[in-house]
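J.: Enclosed is the structure file query-v5.txt (compact mmCIF, C-alpha atoms).
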# COMPACT_ATOMS: atom_id res chain seq x y z
CA MET A 1 31.39 24.57 5.39
CA THR A 2 29.68 22.69 2.57
CA GLU A 3 27.12 20.09 3.51
CA LYS A 4 27.84 16.63 2.17
CA ARG A 5 25.21 15.37 -0.25
CA ILE A 6 23.44 12.18 0.77
CA PHE A 7 22.65 9.83 -2.12
CA THR A 8 19.76 7.40 -2.03
CA VAL A 9 20.40 3.89 -3.32
CA LEU A 10 17.71 1.26 -3.86
CA TYR A 11 18.79 -2.39 -3.80
CA ILE A 12 16.26 -4.81 -5.32
CA GLU A 13 17.27 -8.29 -4.17
CA ASP A 14 15.31 -11.27 -2.84
CA ASN A 15 18.23 -12.99 -1.09
CA GLU A 16 18.51 -11.78 2.51
CA ALA A 17 22.22 -12.62 2.83
CA ASN A 18 23.02 -10.55 -0.27
CA ARG A 19 20.96 -7.62 1.05
CA LEU A 20 22.77 -7.77 4.41
CA LEU A 21 26.15 -7.85 2.67
CA ILE A 22 25.34 -4.73 0.65
CA GLU A 23 24.03 -3.02 3.80
CA LEU A 24 27.34 -3.73 5.55
CA VAL A 25 29.39 -2.60 2.56
CA LEU A 26 27.44 0.62 2.02
CA GLU A 27 27.22 1.62 5.68
CA ARG A 28 30.95 2.36 5.40
CA ARG A 29 30.04 5.26 3.14
CA ASP A 30 28.52 8.09 5.12
CA ASN A 31 26.95 9.68 2.04
CA ILE A 32 24.65 6.73 1.17
CA LYS A 33 21.13 6.07 2.41
CA LEU A 34 20.11 2.55 1.42
CA PHE A 35 16.58 1.32 0.73
CA SER A 36 15.70 -2.21 -0.28
CA ALA A 37 12.96 -4.23 -1.93
CA THR A 38 12.63 -8.00 -2.09
CA ASN A 39 10.96 -8.48 -5.47
CA GLY A 40 10.58 -6.75 -8.81
CA GLN A 41 7.17 -5.16 -8.34
CA SER A 42 7.94 -3.81 -4.87
CA GLY A 43 11.23 -2.49 -6.28
CA ILE A 44 9.43 -0.65 -9.08
CA ASN A 45 6.96 0.79 -6.55
CA LYS A 46 9.76 1.85 -4.18
CA ALA A 47 11.72 3.47 -7.04
CA GLN A 48 8.64 5.46 -8.07
CA GLU A 49 8.10 6.49 -4.45
CA ILE A 50 11.62 7.58 -3.45
CA LEU A 51 13.22 8.34 -6.87
CA PRO A 52 16.66 7.09 -5.79
CA ASP A 53 19.93 8.40 -7.19
CA LEU A 54 21.00 4.84 -8.08
CA ILE A 55 19.45 1.37 -8.30
CA LEU A 56 21.25 -1.92 -7.67
CA LEU A 57 19.19 -4.69 -9.25
CA ASP A 58 19.42 -8.46 -9.03
CA ILE A 59 18.64 -10.17 -12.35
CA SER A 60 16.90 -13.22 -10.82
CA LEU A 61 13.91 -12.15 -8.77
CA PRO A 62 10.95 -14.31 -7.70
CA ASP A 63 8.21 -12.41 -9.53
CA MET A 64 9.97 -11.06 -12.64
CA ASN A 65 13.49 -10.88 -13.98
CA GLY A 66 15.70 -7.83 -13.68
CA TYR A 67 15.28 -6.98 -17.36
CA SER A 68 11.51 -6.69 -16.90
CA VAL A 69 12.08 -4.45 -13.88
CA LEU A 70 14.51 -2.31 -15.88
CA ASN A 71 12.03 -2.03 -18.77
CA ALA A 72 9.29 -0.86 -16.39
CA LEU A 73 11.63 1.70 -14.83
CA ARG A 74 12.81 3.01 -18.21
CA GLU A 75 9.25 3.33 -19.53
CA ASP A 76 8.24 5.57 -16.60
CA PRO A 77 9.44 9.16 -17.19
CA ALA A 78 9.94 9.62 -13.42
CA THR A 79 12.42 6.71 -13.17
CA ALA A 80 13.72 6.48 -16.75
CA LYS A 81 17.01 8.27 -16.12
CA ILE A 82 17.96 6.62 -12.80
CA PRO A 83 21.31 4.84 -13.27
CA THR A 84 20.93 1.11 -12.71
CA ILE A 85 23.58 -1.52 -11.95
CA ALA A 86 22.76 -5.17 -12.60
CA ILE A 87 24.16 -7.56 -10.02
CA SER A 88 24.04 -11.15 -11.19
CA GLY A 89 25.44 -14.58 -10.53
CA GLU A 90 25.29 -15.06 -14.29
CA TYR A 91 28.38 -13.33 -15.64
CA PRO A 92 28.92 -12.32 -18.31
CA PRO A 93 25.20 -11.67 -18.43
CA GLN A 94 23.01 -13.27 -21.06
CA ILE A 95 21.32 -10.13 -22.34
CA PRO A 96 18.04 -10.87 -24.10
CA THR A 97 18.37 -10.04 -27.80
CA ASN A 98 15.05 -8.19 -27.73
CA ALA A 99 15.90 -6.11 -24.64
CA PRO A 100 14.90 -2.51 -25.39
CA PHE A 101 17.04 -1.14 -22.54
CA VAL A 102 20.43 -2.02 -21.10
CA PHE A 103 21.87 -1.59 -17.63
CA ASP A 104 24.42 1.14 -16.98
CA ARG A 105 26.81 -1.42 -15.45
CA TYR A 106 26.94 -5.15 -14.79
CA LEU A 107 28.63 -6.60 -11.70
CA PRO A 108 29.07 -10.30 -10.93
CA LYS A 109 28.15 -12.12 -7.73
CA PRO A 110 29.74 -12.62 -5.36
CA ILE A 111 29.98 -8.85 -5.22
CA GLU A 112 33.42 -7.30 -4.86
CA ILE A 113 33.60 -4.06 -2.90
CA VAL A 114 36.09 -2.07 -5.01
CA PRO A 115 34.31 -2.59 -8.37
CA LEU A 116 30.98 -1.78 -6.68
CA TYR A 117 32.34 1.47 -5.24
CA GLN A 118 33.92 2.37 -8.60
CA ALA A 119 30.68 1.79 -10.49
CA MET A 120 28.71 3.78 -7.93
CA ASP A 121 31.18 6.67 -8.04
CA GLU A 122 30.97 6.76 -11.84
CA LEU A 123 27.17 6.77 -11.90
CA LEU A 124 26.21 8.94 -8.94
CA PRO A 125 25.85 12.64 -9.79
CA GLY A 126 28.54 15.12 -8.83
Now, as a test, write the supplied structure out as structure tokens.

T.:
Amino acid sequence: MTEKRIFTVLYIEDNEANRLLIELVLERRDNIKLFSATNGQSGINKAQEILPDLILLDISLPDMNGYSVLNALREDPATAKIPTIAISGEYPPQIPTNAPFVFDRYLPKPIEIVPLYQAMDELLPG
């Protein structure tokens, strides 16, 4: 019998209700272990610590915006290749014209379960 791979997902989001919603949605999937961070810098630190398989990232964070977080992650060789999904109430997103990096996917808030699962399935390895 083949052991099922467990994927680590990091959700960087300052809104507690949004974090709880994602926790409820992802606990339905038995192959996901969810970690969370409540601001950009703690999210960068957590990503460097756990090297997740996927990052879900809010664009509007209290200490820095999601694009700054993404830039920091992409500039670090350890986290540069981690697929990252932007989750934003601003949709379609207003991508800064000088943004050196782009997200792998963009999803609008309020989050819809099926598009989230589809994006995750496309970006998670294997």

J.: Can you pull out every residue within 8 Å of Asp58 (chain A), counting only C-alpha atoms, but drop anything in the same chain fewer than 3 positions away, and send it as a PDB file with C-alpha atoms, in the coordinates of the input?

T.:
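For reference, around.pdb as written:
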ATOM      1  CA  ILE A  12      16.260  -4.810  -5.320  1.00  0.00           C
ATOM      2  CA  GLU A  13      17.270  -8.290  -4.170  1.00  0.00           C
ATOM      3  CA  ASP A  14      15.310 -11.270  -2.840  1.00  0.00           C
ATOM      4  CA  LEU A  61      13.910 -12.150  -8.770  1.00  0.00           C
ATOM      5  CA  GLY A  66      15.700  -7.830 -13.680  1.00  0.00           C
ATOM      6  CA  ALA A  86      22.760  -5.170 -12.600  1.00  0.00           C
ATOM      7  CA  ILE A  87      24.160  -7.560 -10.020  1.00  0.00           C
ATOM      8  CA  SER A  88      24.040 -11.150 -11.190  1.00  0.00           C
TER       9      SER A  88
END

J.: What gap, in Å, lies between CA of Tyr106 (chain A) and CA of Glu122 (chain A)?

T.: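 Separation of CA of Tyr106 (chain A) and CA of Glu122 (chain A): 12.9 Å.
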
J.: Could you please determine the separation between CA of Asp121 (chain A) and CA of Asn31 (chain A) in Å, to one decimal place?

T.: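 CA of Asn31 (chain A) lies 11.3 Å from CA of Asp121 (chain A).
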
J.: Of the candidates A:Leu124, A:Leu107, A:Leu57, A:Lys4, which shows the shortest atom-to-atom distance to Asp30 (chain A), using all atoms listed in the file?

T.: A:Lys4

J.: Quick one: residues within 12 Å of (31.4, -12.0, -7.1) (file frame), counting all atoms listed in the file, please, as number ranges by chain.

T.: A: 18, 21, 87-92, 106-116

J.: In file coordinates, which residues lie within 10 Å of (9.0, 0.0, -12.7) using all atoms listed in the file, given as a list in words?

T.: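 In the file's frame, the residues around the point are Gly40, Gln41, Ser42, Gly43, Ile44, Asn45, Lys46, Ala47, Gln48, Ser68, Val69, Leu70, Asn71, Ala72, Leu73, Arg74, Glu75, Asp76, Ala78, Thr79 and Ala80 of chain A.
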
J.: One number please: CA of Val9 (chain A) to CA of Leu56 (chain A), in Å, one decimal.

T.: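 Answer for the CA of Val9 (chain A) to CA of Leu56 (chain A) separation: 7.3 Å.
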